[in-house]
file structure.txt (compact mmCIF, N, CA and C atoms)
# COMPACT_ATOMS: atom_id res chain seq x y z
N MET W 1 -14.62 38.56 -27.10
CA MET W 1 -14.45 38.33 -25.69
C MET W 1 -13.47 37.17 -25.49
N ARG W 2 -12.55 37.35 -24.62
CA ARG W 2 -11.50 36.37 -24.41
C ARG W 2 -11.93 35.35 -23.35
N ALA W 3 -11.77 34.08 -23.68
CA ALA W 3 -12.14 33.02 -22.73
C ALA W 3 -11.09 32.92 -21.64
N THR W 4 -11.55 32.72 -20.44
CA THR W 4 -10.60 32.55 -19.34
C THR W 4 -10.45 31.08 -19.04
N VAL W 5 -9.28 30.74 -18.66
CA VAL W 5 -8.97 29.36 -18.31
C VAL W 5 -9.09 29.23 -16.79
N PRO W 6 -9.88 28.26 -16.34
CA PRO W 6 -10.00 28.11 -14.88
C PRO W 6 -8.67 27.68 -14.28
N PRO W 7 -8.40 28.12 -13.07
CA PRO W 7 -7.13 27.73 -12.45
C PRO W 7 -7.08 26.24 -12.20
N ARG W 8 -5.87 25.69 -12.28
CA ARG W 8 -5.70 24.25 -12.00
C ARG W 8 -5.92 24.01 -10.52
N ARG W 9 -6.60 22.94 -10.23
CA ARG W 9 -6.80 22.57 -8.83
C ARG W 9 -5.51 21.97 -8.31
N THR W 10 -5.10 22.42 -7.17
CA THR W 10 -3.93 21.85 -6.52
C THR W 10 -4.40 20.85 -5.49
N ILE W 11 -3.94 19.64 -5.63
CA ILE W 11 -4.34 18.59 -4.71
C ILE W 11 -3.20 18.40 -3.71
N GLU W 12 -3.55 18.53 -2.45
CA GLU W 12 -2.56 18.33 -1.40
C GLU W 12 -2.18 16.85 -1.35
N LYS W 13 -0.90 16.58 -1.33
CA LYS W 13 -0.43 15.21 -1.22
C LYS W 13 -0.13 14.93 0.25
N ALA W 14 -0.65 13.84 0.75
CA ALA W 14 -0.39 13.45 2.12
C ALA W 14 1.08 13.06 2.25
N PRO W 15 1.78 13.56 3.27
CA PRO W 15 3.19 13.19 3.43
C PRO W 15 3.40 11.69 3.49
N GLU W 16 2.48 10.97 4.12
CA GLU W 16 2.60 9.51 4.22
C GLU W 16 2.53 8.86 2.85
N ALA W 17 1.70 9.40 1.97
CA ALA W 17 1.58 8.85 0.61
C ALA W 17 2.87 9.07 -0.17
N ILE W 18 3.51 10.21 0.06
CA ILE W 18 4.78 10.50 -0.62
C ILE W 18 5.87 9.55 -0.14
N VAL W 19 5.94 9.33 1.17
CA VAL W 19 6.93 8.41 1.74
C VAL W 19 6.69 7.00 1.22
N PHE W 20 5.43 6.56 1.22
CA PHE W 20 5.08 5.24 0.72
C PHE W 20 5.51 5.09 -0.73
N GLY W 21 5.16 6.07 -1.55
CA GLY W 21 5.51 6.02 -2.97
C GLY W 21 7.00 5.99 -3.21
N THR W 22 7.74 6.72 -2.40
CA THR W 22 9.20 6.72 -2.50
C THR W 22 9.76 5.33 -2.19
N ARG W 23 9.21 4.68 -1.18
CA ARG W 23 9.67 3.32 -0.84
C ARG W 23 9.39 2.35 -1.98
N VAL W 24 8.20 2.45 -2.55
CA VAL W 24 7.85 1.57 -3.68
C VAL W 24 8.82 1.81 -4.83
N ARG W 25 9.06 3.08 -5.16
CA ARG W 25 9.95 3.41 -6.27
C ARG W 25 11.37 2.87 -6.03
N LYS W 26 11.90 3.05 -4.82
CA LYS W 26 13.25 2.57 -4.52
C LYS W 26 13.35 1.06 -4.67
N LEU W 27 12.36 0.34 -4.16
CA LEU W 27 12.38 -1.12 -4.29
C LEU W 27 12.25 -1.54 -5.75
N ARG W 28 11.39 -0.87 -6.49
CA ARG W 28 11.22 -1.19 -7.91
C ARG W 28 12.54 -0.98 -8.66
N LEU W 29 13.16 0.16 -8.44
CA LEU W 29 14.41 0.47 -9.13
C LEU W 29 15.54 -0.46 -8.71
N SER W 30 15.54 -0.88 -7.45
CA SER W 30 16.60 -1.81 -7.00
C SER W 30 16.50 -3.15 -7.72
N ARG W 31 15.34 -3.46 -8.25
CA ARG W 31 15.16 -4.69 -9.02
C ARG W 31 15.36 -4.46 -10.51
N GLY W 32 15.57 -3.21 -10.89
CA GLY W 32 15.76 -2.89 -12.30
C GLY W 32 14.46 -2.94 -13.10
N TRP W 33 13.33 -2.79 -12.41
CA TRP W 33 12.03 -2.90 -13.06
C TRP W 33 11.51 -1.54 -13.51
N THR W 34 10.74 -1.55 -14.58
CA THR W 34 9.99 -0.38 -15.01
C THR W 34 8.68 -0.35 -14.23
N GLN W 35 8.00 0.76 -14.31
CA GLN W 35 6.67 0.84 -13.70
C GLN W 35 5.73 -0.19 -14.35
N GLU W 36 5.89 -0.39 -15.63
CA GLU W 36 5.05 -1.36 -16.34
C GLU W 36 5.28 -2.77 -15.81
N ARG W 37 6.55 -3.11 -15.54
CA ARG W 37 6.86 -4.45 -15.02
C ARG W 37 6.25 -4.63 -13.63
N LEU W 38 6.40 -3.63 -12.76
CA LEU W 38 5.81 -3.72 -11.43
C LEU W 38 4.30 -3.84 -11.53
N ALA W 39 3.70 -3.07 -12.40
CA ALA W 39 2.25 -3.13 -12.58
C ALA W 39 1.82 -4.54 -12.99
N GLU W 40 2.54 -5.11 -13.92
CA GLU W 40 2.24 -6.47 -14.38
C GLU W 40 2.37 -7.48 -13.24
N GLU W 41 3.47 -7.40 -12.51
CA GLU W 41 3.72 -8.34 -11.41
C GLU W 41 2.67 -8.19 -10.30
N ALA W 42 2.20 -6.96 -10.07
CA ALA W 42 1.24 -6.70 -8.99
C ALA W 42 -0.21 -6.75 -9.47
N GLU W 43 -0.41 -7.04 -10.76
CA GLU W 43 -1.74 -7.07 -11.36
C GLU W 43 -2.47 -5.74 -11.17
N LEU W 44 -1.73 -4.67 -11.47
CA LEU W 44 -2.27 -3.31 -11.45
C LEU W 44 -2.02 -2.72 -12.83
N ASN W 45 -2.39 -1.46 -13.03
CA ASN W 45 -2.00 -0.85 -14.29
C ASN W 45 -0.92 0.18 -14.02
N SER W 46 -0.16 0.51 -15.03
CA SER W 46 1.01 1.36 -14.85
C SER W 46 0.65 2.77 -14.40
N VAL W 47 -0.54 3.23 -14.73
CA VAL W 47 -0.98 4.55 -14.27
C VAL W 47 -1.14 4.54 -12.75
N GLN W 48 -1.70 3.46 -12.20
CA GLN W 48 -1.83 3.33 -10.75
C GLN W 48 -0.46 3.37 -10.09
N VAL W 49 0.48 2.62 -10.64
CA VAL W 49 1.83 2.58 -10.07
C VAL W 49 2.44 3.98 -10.12
N SER W 50 2.30 4.67 -11.21
CA SER W 50 2.83 6.03 -11.34
C SER W 50 2.24 6.95 -10.28
N HIS W 51 0.93 6.90 -10.10
CA HIS W 51 0.26 7.75 -9.10
C HIS W 51 0.73 7.42 -7.70
N ILE W 52 0.87 6.14 -7.42
CA ILE W 52 1.34 5.71 -6.09
C ILE W 52 2.75 6.22 -5.85
N GLU W 53 3.62 6.04 -6.80
CA GLU W 53 5.02 6.45 -6.62
C GLU W 53 5.16 7.96 -6.45
N ARG W 54 4.28 8.72 -7.05
CA ARG W 54 4.33 10.18 -6.91
C ARG W 54 3.59 10.67 -5.66
N GLY W 55 2.92 9.76 -4.97
CA GLY W 55 2.15 10.16 -3.79
C GLY W 55 0.85 10.85 -4.14
N ALA W 56 0.41 10.66 -5.38
CA ALA W 56 -0.79 11.33 -5.86
C ALA W 56 -2.07 10.64 -5.39
N ASN W 57 -1.95 9.42 -4.90
CA ASN W 57 -3.12 8.76 -4.31
C ASN W 57 -2.69 7.87 -3.16
N GLU W 58 -3.65 7.53 -2.35
CA GLU W 58 -3.39 6.67 -1.20
C GLU W 58 -3.99 5.30 -1.52
N PRO W 59 -3.13 4.30 -1.73
CA PRO W 59 -3.62 2.99 -2.17
C PRO W 59 -4.41 2.26 -1.09
N LYS W 60 -5.32 1.43 -1.55
CA LYS W 60 -6.09 0.57 -0.65
C LYS W 60 -5.19 -0.53 -0.11
N LEU W 61 -5.64 -1.16 0.95
CA LEU W 61 -4.87 -2.24 1.56
C LEU W 61 -4.57 -3.35 0.55
N THR W 62 -5.54 -3.72 -0.25
CA THR W 62 -5.31 -4.79 -1.22
C THR W 62 -4.22 -4.42 -2.22
N THR W 63 -4.14 -3.15 -2.59
CA THR W 63 -3.10 -2.69 -3.51
C THR W 63 -1.74 -2.75 -2.83
N ILE W 64 -1.67 -2.35 -1.56
CA ILE W 64 -0.42 -2.42 -0.81
C ILE W 64 0.08 -3.86 -0.75
N ILE W 65 -0.83 -4.79 -0.48
CA ILE W 65 -0.46 -6.21 -0.40
C ILE W 65 0.03 -6.71 -1.76
N ARG W 66 -0.64 -6.32 -2.83
CA ARG W 66 -0.21 -6.74 -4.18
C ARG W 66 1.19 -6.21 -4.50
N LEU W 67 1.43 -4.96 -4.16
CA LEU W 67 2.75 -4.37 -4.41
C LEU W 67 3.82 -5.09 -3.61
N ALA W 68 3.54 -5.34 -2.34
CA ALA W 68 4.51 -6.02 -1.47
C ALA W 68 4.84 -7.41 -2.01
N ARG W 69 3.82 -8.16 -2.38
CA ARG W 69 4.06 -9.51 -2.93
C ARG W 69 4.89 -9.44 -4.20
N ALA W 70 4.54 -8.51 -5.07
CA ALA W 70 5.28 -8.39 -6.33
C ALA W 70 6.74 -8.03 -6.08
N LEU W 71 6.98 -7.21 -5.07
CA LEU W 71 8.35 -6.77 -4.76
C LEU W 71 9.08 -7.75 -3.85
N GLY W 72 8.37 -8.77 -3.37
CA GLY W 72 9.00 -9.79 -2.54
C GLY W 72 9.31 -9.34 -1.13
N VAL W 73 8.48 -8.42 -0.61
CA VAL W 73 8.68 -7.94 0.76
C VAL W 73 7.36 -8.04 1.52
N LYS W 74 7.45 -7.92 2.84
CA LYS W 74 6.22 -7.88 3.65
C LYS W 74 5.63 -6.48 3.52
N ALA W 75 4.31 -6.40 3.59
CA ALA W 75 3.62 -5.11 3.45
C ALA W 75 4.14 -4.11 4.46
N GLY W 76 4.52 -4.57 5.64
CA GLY W 76 5.03 -3.67 6.66
C GLY W 76 6.27 -2.92 6.23
N LYS W 77 7.08 -3.52 5.37
CA LYS W 77 8.30 -2.86 4.88
C LYS W 77 7.94 -1.63 4.04
N LEU W 78 6.81 -1.67 3.37
CA LEU W 78 6.37 -0.53 2.59
C LEU W 78 5.75 0.54 3.46
N LEU W 79 5.26 0.16 4.62
CA LEU W 79 4.52 1.07 5.48
C LEU W 79 5.33 1.69 6.60
N ASP W 80 6.43 1.05 6.98
CA ASP W 80 7.18 1.50 8.14
C ASP W 80 8.67 1.55 7.82
N ASP W 81 9.38 2.39 8.57
CA ASP W 81 10.83 2.52 8.36
C ASP W 81 11.54 1.27 8.69

call {"tool": "encode", "arguments": {"input": "structure.txt", "output": "structure tokens"}}
result
Amino acid sequence: MRATVPPRRTIEKAPEAIVFGTRVRKLRLSRGWTQERLAEEAELNSVQVSHIERGANEPKLTTIIRLARALGVKAGKLLDD
């Protein structure tokens, strides 16, 4: 009998999370930083940074503040155009 593989769950990404992650990535790259460097500066781990940049999760307020401080911008710059 052949085992069946369950289908992969598709997780809907919130458009706002994708926009936020894109802003974080652009700022990180403009500084020439790796995800690991941003994670270190923001006291996060690189997996969190990767998920945020891909819009795979919606960060808590404290994480947004940590990212903003590490990138040298106000949190509002990450949240608004």

call {"tool": "select_by_dssp", "arguments": {"input": "structure.txt", "residues": "segment 18-80 of chain W", "states": "helix (DSSP H, G or I)", "output": "CSV table (one decimal) with N, CA and C atoms, in the coordinates of the input"}}
result
chain,number,residue,atom,x,y,z
W,18,ILE,N,3.5,10.2,0.1
W,18,ILE,CA,4.8,10.5,-0.6
W,18,ILE,C,5.9,9.6,-0.1
W,19,VAL,N,5.9,9.3,1.2
W,19,VAL,CA,6.9,8.4,1.7
W,19,VAL,C,6.7,7.0,1.2
W,20,PHE,N,5.4,6.6,1.2
W,20,PHE,CA,5.1,5.2,0.7
W,20,PHE,C,5.5,5.1,-0.7
W,21,GLY,N,5.2,6.1,-1.6
W,21,GLY,CA,5.5,6.0,-3.0
W,21,GLY,C,7.0,6.0,-3.2
W,22,THR,N,7.7,6.7,-2.4
W,22,THR,CA,9.2,6.7,-2.5
W,22,THR,C,9.8,5.3,-2.2
W,23,ARG,N,9.2,4.7,-1.2
W,23,ARG,CA,9.7,3.3,-0.8
W,23,ARG,C,9.4,2.4,-2.0
W,24,VAL,N,8.2,2.4,-2.6
W,24,VAL,CA,7.8,1.6,-3.7
W,24,VAL,C,8.8,1.8,-4.8
W,25,ARG,N,9.1,3.1,-5.2
W,25,ARG,CA,10.0,3.4,-6.3
W,25,ARG,C,11.4,2.9,-6.0
W,26,LYS,N,11.9,3.0,-4.8
W,26,LYS,CA,13.2,2.6,-4.5
W,26,LYS,C,13.4,1.1,-4.7
W,27,LEU,N,12.4,0.3,-4.2
W,27,LEU,CA,12.4,-1.1,-4.3
W,27,LEU,C,12.2,-1.5,-5.8
W,28,ARG,N,11.4,-0.9,-6.5
W,28,ARG,CA,11.2,-1.2,-7.9
W,28,ARG,C,12.5,-1.0,-8.7
W,29,LEU,N,13.2,0.2,-8.4
W,29,LEU,CA,14.4,0.5,-9.1
W,29,LEU,C,15.5,-0.5,-8.7
W,30,SER,N,15.5,-0.9,-7.4
W,30,SER,CA,16.6,-1.8,-7.0
W,30,SER,C,16.5,-3.2,-7.7
W,35,GLN,N,8.0,0.8,-14.3
W,35,GLN,CA,6.7,0.8,-13.7
W,35,GLN,C,5.7,-0.2,-14.4
W,36,GLU,N,5.9,-0.4,-15.6
W,36,GLU,CA,5.0,-1.4,-16.3
W,36,GLU,C,5.3,-2.8,-15.8
W,37,ARG,N,6.6,-3.1,-15.5
W,37,ARG,CA,6.9,-4.4,-15.0
W,37,ARG,C,6.2,-4.6,-13.6
W,38,LEU,N,6.4,-3.6,-12.8
W,38,LEU,CA,5.8,-3.7,-11.4
W,38,LEU,C,4.3,-3.8,-11.5
W,39,ALA,N,3.7,-3.1,-12.4
W,39,ALA,CA,2.2,-3.1,-12.6
W,39,ALA,C,1.8,-4.5,-13.0
W,40,GLU,N,2.5,-5.1,-13.9
W,40,GLU,CA,2.2,-6.5,-14.4
W,40,GLU,C,2.4,-7.5,-13.2
W,41,GLU,N,3.5,-7.4,-12.5
W,41,GLU,CA,3.7,-8.3,-11.4
W,41,GLU,C,2.7,-8.2,-10.3
W,42,ALA,N,2.2,-7.0,-10.1
W,42,ALA,CA,1.2,-6.7,-9.0
W,42,ALA,C,-0.2,-6.8,-9.5
W,46,SER,N,-0.2,0.5,-15.0
W,46,SER,CA,1.0,1.4,-14.8
W,46,SER,C,0.6,2.8,-14.4
W,47,VAL,N,-0.5,3.2,-14.7
W,47,VAL,CA,-1.0,4.6,-14.3
W,47,VAL,C,-1.1,4.5,-12.8
W,48,GLN,N,-1.7,3.5,-12.2
W,48,GLN,CA,-1.8,3.3,-10.8
W,48,GLN,C,-0.5,3.4,-10.1
W,49,VAL,N,0.5,2.6,-10.6
W,49,VAL,CA,1.8,2.6,-10.1
W,49,VAL,C,2.4,4.0,-10.1
W,50,SER,N,2.3,4.7,-11.2
W,50,SER,CA,2.8,6.0,-11.3
W,50,SER,C,2.2,7.0,-10.3
W,51,HIS,N,0.9,6.9,-10.1
W,51,HIS,CA,0.3,7.8,-9.1
W,51,HIS,C,0.7,7.4,-7.7
W,52,ILE,N,0.9,6.1,-7.4
W,52,ILE,CA,1.3,5.7,-6.1
W,52,ILE,C,2.8,6.2,-5.8
W,53,GLU,N,3.6,6.0,-6.8
W,53,GLU,CA,5.0,6.4,-6.6
W,53,GLU,C,5.2,8.0,-6.4
W,54,ARG,N,4.3,8.7,-7.0
W,54,ARG,CA,4.3,10.2,-6.9
W,54,ARG,C,3.6,10.7,-5.7
W,61,LEU,N,-5.6,-1.2,1.0
W,61,LEU,CA,-4.9,-2.2,1.6
W,61,LEU,C,-4.6,-3.4,0.6
W,62,THR,N,-5.5,-3.7,-0.2
W,62,THR,CA,-5.3,-4.8,-1.2
W,62,THR,C,-4.2,-4.4,-2.2
W,63,THR,N,-4.1,-3.2,-2.6
W,63,THR,CA,-3.1,-2.7,-3.5
W,63,THR,C,-1.7,-2.8,-2.8
W,64,ILE,N,-1.7,-2.4,-1.6
W,64,ILE,CA,-0.4,-2.4,-0.8
W,64,ILE,C,0.1,-3.9,-0.8
W,65,ILE,N,-0.8,-4.8,-0.5
W,65,ILE,CA,-0.5,-6.2,-0.4
W,65,ILE,C,0.0,-6.7,-1.8
W,66,ARG,N,-0.6,-6.3,-2.8
W,66,ARG,CA,-0.2,-6.7,-4.2
W,66,ARG,C,1.2,-6.2,-4.5
W,67,LEU,N,1.4,-5.0,-4.2
W,67,LEU,CA,2.8,-4.4,-4.4
W,67,LEU,C,3.8,-5.1,-3.6
W,68,ALA,N,3.5,-5.3,-2.3
W,68,ALA,CA,4.5,-6.0,-1.5
W,68,ALA,C,4.8,-7.4,-2.0
W,69,ARG,N,3.8,-8.2,-2.4
W,69,ARG,CA,4.1,-9.5,-2.9
W,69,ARG,C,4.9,-9.4,-4.2
W,70,ALA,N,4.5,-8.5,-5.1
W,70,ALA,CA,5.3,-8.4,-6.3
W,70,ALA,C,6.7,-8.0,-6.1
W,71,LEU,N,7.0,-7.2,-5.1
W,71,LEU,CA,8.4,-6.8,-4.8
W,71,LEU,C,9.1,-7.8,-3.8
W,75,ALA,N,4.3,-6.4,3.6
W,75,ALA,CA,3.6,-5.1,3.4
W,75,ALA,C,4.1,-4.1,4.5
W,76,GLY,N,4.5,-4.6,5.6
W,76,GLY,CA,5.0,-3.7,6.7
W,76,GLY,C,6.3,-2.9,6.2
W,77,LYS,N,7.1,-3.5,5.4
W,77,LYS,CA,8.3,-2.9,4.9
W,77,LYS,C,7.9,-1.6,4.0
W,78,LEU,N,6.8,-1.7,3.4
W,78,LEU,CA,6.4,-0.5,2.6
W,78,LEU,C,5.8,0.5,3.5
W,79,LEU,N,5.3,0.2,4.6
W,79,LEU,CA,4.5,1.1,5.5
W,79,LEU,C,5.3,1.7,6.6

call {"tool": "atom_distance", "arguments": {"input": "structure.txt", "atom1": "atom CA of Ala17 of chain W", "atom2": "atom CA of Glu41 of chain W"}}
result
21.1 Å

call {"tool": "atom_distance", "arguments": {"input": "structure.txt", "atom1": "atom CA of Asn45 of chain W", "atom2": "atom CA of Glu12 of chain W"}}
result
23.1 Å

call {"tool": "closest_residue", "arguments": {"input": "structure.txt", "among": "W:Ala14, W:Ile64, W:Val19, W:Val73", "to": "Glu43 of chain W", "atoms": "only C-alpha atoms"}}
result
W:Ile64

call {"tool": "closest_residue", "arguments": {"input": "structure.txt", "among": "W:Arg37, W:Lys74, W:Leu44, W:Ala56", "to": "Gly21 of chain W", "atoms": "all atoms listed in the file"}}
result
W:Ala56

call {"tool": "residues_around", "arguments": {"input": "structure.txt", "residues": "Ala42 of chain W", "least_positions_apart": "4", "cutoff": "7 Å", "atoms": "all atoms listed in the file", "output": "list in words"}}
result
Arg37, Leu38, Arg66, Leu67, Arg69, Ala70 and Leu71 of chain W

call {"tool": "write_last_selection", "arguments": {"input": "structure.txt", "atoms": "N, CA and C atoms", "output": "tab-separated table (two decimals), keeping the file's coordinate frame"}}
result
chain	number	residue	atom	x	y	z
W	37	ARG	N	6.55	-3.11	-15.54
W	37	ARG	CA	6.86	-4.45	-15.02
W	37	ARG	C	6.25	-4.63	-13.63
W	38	LEU	N	6.40	-3.63	-12.76
W	38	LEU	CA	5.81	-3.72	-11.43
W	38	LEU	C	4.30	-3.84	-11.53
W	66	ARG	N	-0.64	-6.32	-2.83
W	66	ARG	CA	-0.21	-6.74	-4.18
W	66	ARG	C	1.19	-6.21	-4.50
W	67	LEU	N	1.43	-4.96	-4.16
W	67	LEU	CA	2.75	-4.37	-4.41
W	67	LEU	C	3.82	-5.09	-3.61
W	69	ARG	N	3.82	-8.16	-2.38
W	69	ARG	CA	4.06	-9.51	-2.93
W	69	ARG	C	4.89	-9.44	-4.20
W	70	ALA	N	4.54	-8.51	-5.07
W	70	ALA	CA	5.28	-8.39	-6.33
W	70	ALA	C	6.74	-8.03	-6.08
W	71	LEU	N	6.98	-7.21	-5.07
W	71	LEU	CA	8.35	-6.77	-4.76
W	71	LEU	C	9.08	-7.75	-3.85

call {"tool": "closest_residue", "arguments": {"input": "structure.txt", "among": "W:Gln35, W:Val24, W:Thr63, W:Leu29", "to": "Ser50 of chain W", "atoms": "only N, CA and C atoms"}}
result
W:Gln35

call {"tool": "closest_residue", "arguments": {"input": "structure.txt", "among": "W:Pro15, W:Phe20, W:Ala75, W:Leu27", "to": "Glu53 of chain W", "atoms": "only N, CA and C atoms"}}
result
W:Phe20

call {"tool": "atom_distance", "arguments": {"input": "structure.txt", "atom1": "atom CA of Leu79 of chain W", "atom2": "atom CA of Ser30 of chain W"}}
result
17.6 Å

call {"tool": "decode", "arguments": {"input": "structure.txt", "residues": "segment 28-39 of chain W", "atoms": "N, CA and C atoms", "output": "PDB file, in the first residue's frame"}}
result
ATOM      1  N   ARG W  28      17.601  47.250   5.470  1.00  0.00           N
ATOM      2  CA  ARG W  28      18.734  46.385   5.825  1.00  0.00           C
ATOM      3  C   ARG W  28      19.764  46.375   4.697  1.00  0.00           C
ATOM      4  N   LEU W  29      19.294  46.172   3.483  1.00  0.00           N
ATOM      5  CA  LEU W  29      20.208  46.111   2.341  1.00  0.00           C
ATOM      6  C   LEU W  29      20.887  47.451   2.079  1.00  0.00           C
ATOM      7  N   SER W  30      20.176  48.551   2.334  1.00  0.00           N
ATOM      8  CA  SER W  30      20.794  49.868   2.121  1.00  0.00           C
ATOM      9  C   SER W  30      21.966  50.091   3.073  1.00  0.00           C
ATOM     10  N   ARG W  31      21.994  49.361   4.163  1.00  0.00           N
ATOM     11  CA  ARG W  31      23.104  49.445   5.112  1.00  0.00           C
ATOM     12  C   ARG W  31      24.172  48.393   4.826  1.00  0.00           C
ATOM     13  N   GLY W  32      23.902  47.529   3.870  1.00  0.00           N
ATOM     14  CA  GLY W  32      24.856  46.473   3.536  1.00  0.00           C
ATOM     15  C   GLY W  32      24.885  45.362   4.567  1.00  0.00           C
ATOM     16  N   TRP W  33      23.797  45.214   5.320  1.00  0.00           N
ATOM     17  CA  TRP W  33      23.742  44.217   6.390  1.00  0.00           C
ATOM     18  C   TRP W  33      23.145  42.907   5.907  1.00  0.00           C
ATOM     19  N   THR W  34      23.590  41.826   6.519  1.00  0.00           N
ATOM     20  CA  THR W  34      22.965  40.522   6.337  1.00  0.00           C
ATOM     21  C   THR W  34      21.792  40.420   7.304  1.00  0.00           C
ATOM     22  N   GLN W  35      20.975  39.419   7.106  1.00  0.00           N
ATOM     23  CA  GLN W  35      19.889  39.172   8.062  1.00  0.00           C
ATOM     24  C   GLN W  35      20.468  38.874   9.444  1.00  0.00           C
ATOM     25  N   GLU W  36      21.584  38.187   9.473  1.00  0.00           N
ATOM     26  CA  GLU W  36      22.221  37.859  10.748  1.00  0.00           C
ATOM     27  C   GLU W  36      22.656  39.125  11.481  1.00  0.00           C
ATOM     28  N   ARG W  37      23.202  40.086  10.735  1.00  0.00           N
ATOM     29  CA  ARG W  37      23.645  41.345  11.357  1.00  0.00           C
ATOM     30  C   ARG W  37      22.454  42.107  11.918  1.00  0.00           C
ATOM     31  N   LEU W  38      21.368  42.204  11.144  1.00  0.00           N
ATOM     32  CA  LEU W  38      20.174  42.891  11.635  1.00  0.00           C
ATOM     33  C   LEU W  38      19.629  42.181  12.870  1.00  0.00           C
ATOM     34  N   ALA W  39      19.603  40.876  12.830  1.00  0.00           N
ATOM     35  CA  ALA W  39      19.115  40.109  13.977  1.00  0.00           C
ATOM     36  C   ALA W  39      19.943  40.418  15.223  1.00  0.00           C
TER      37      ALA W  39
END
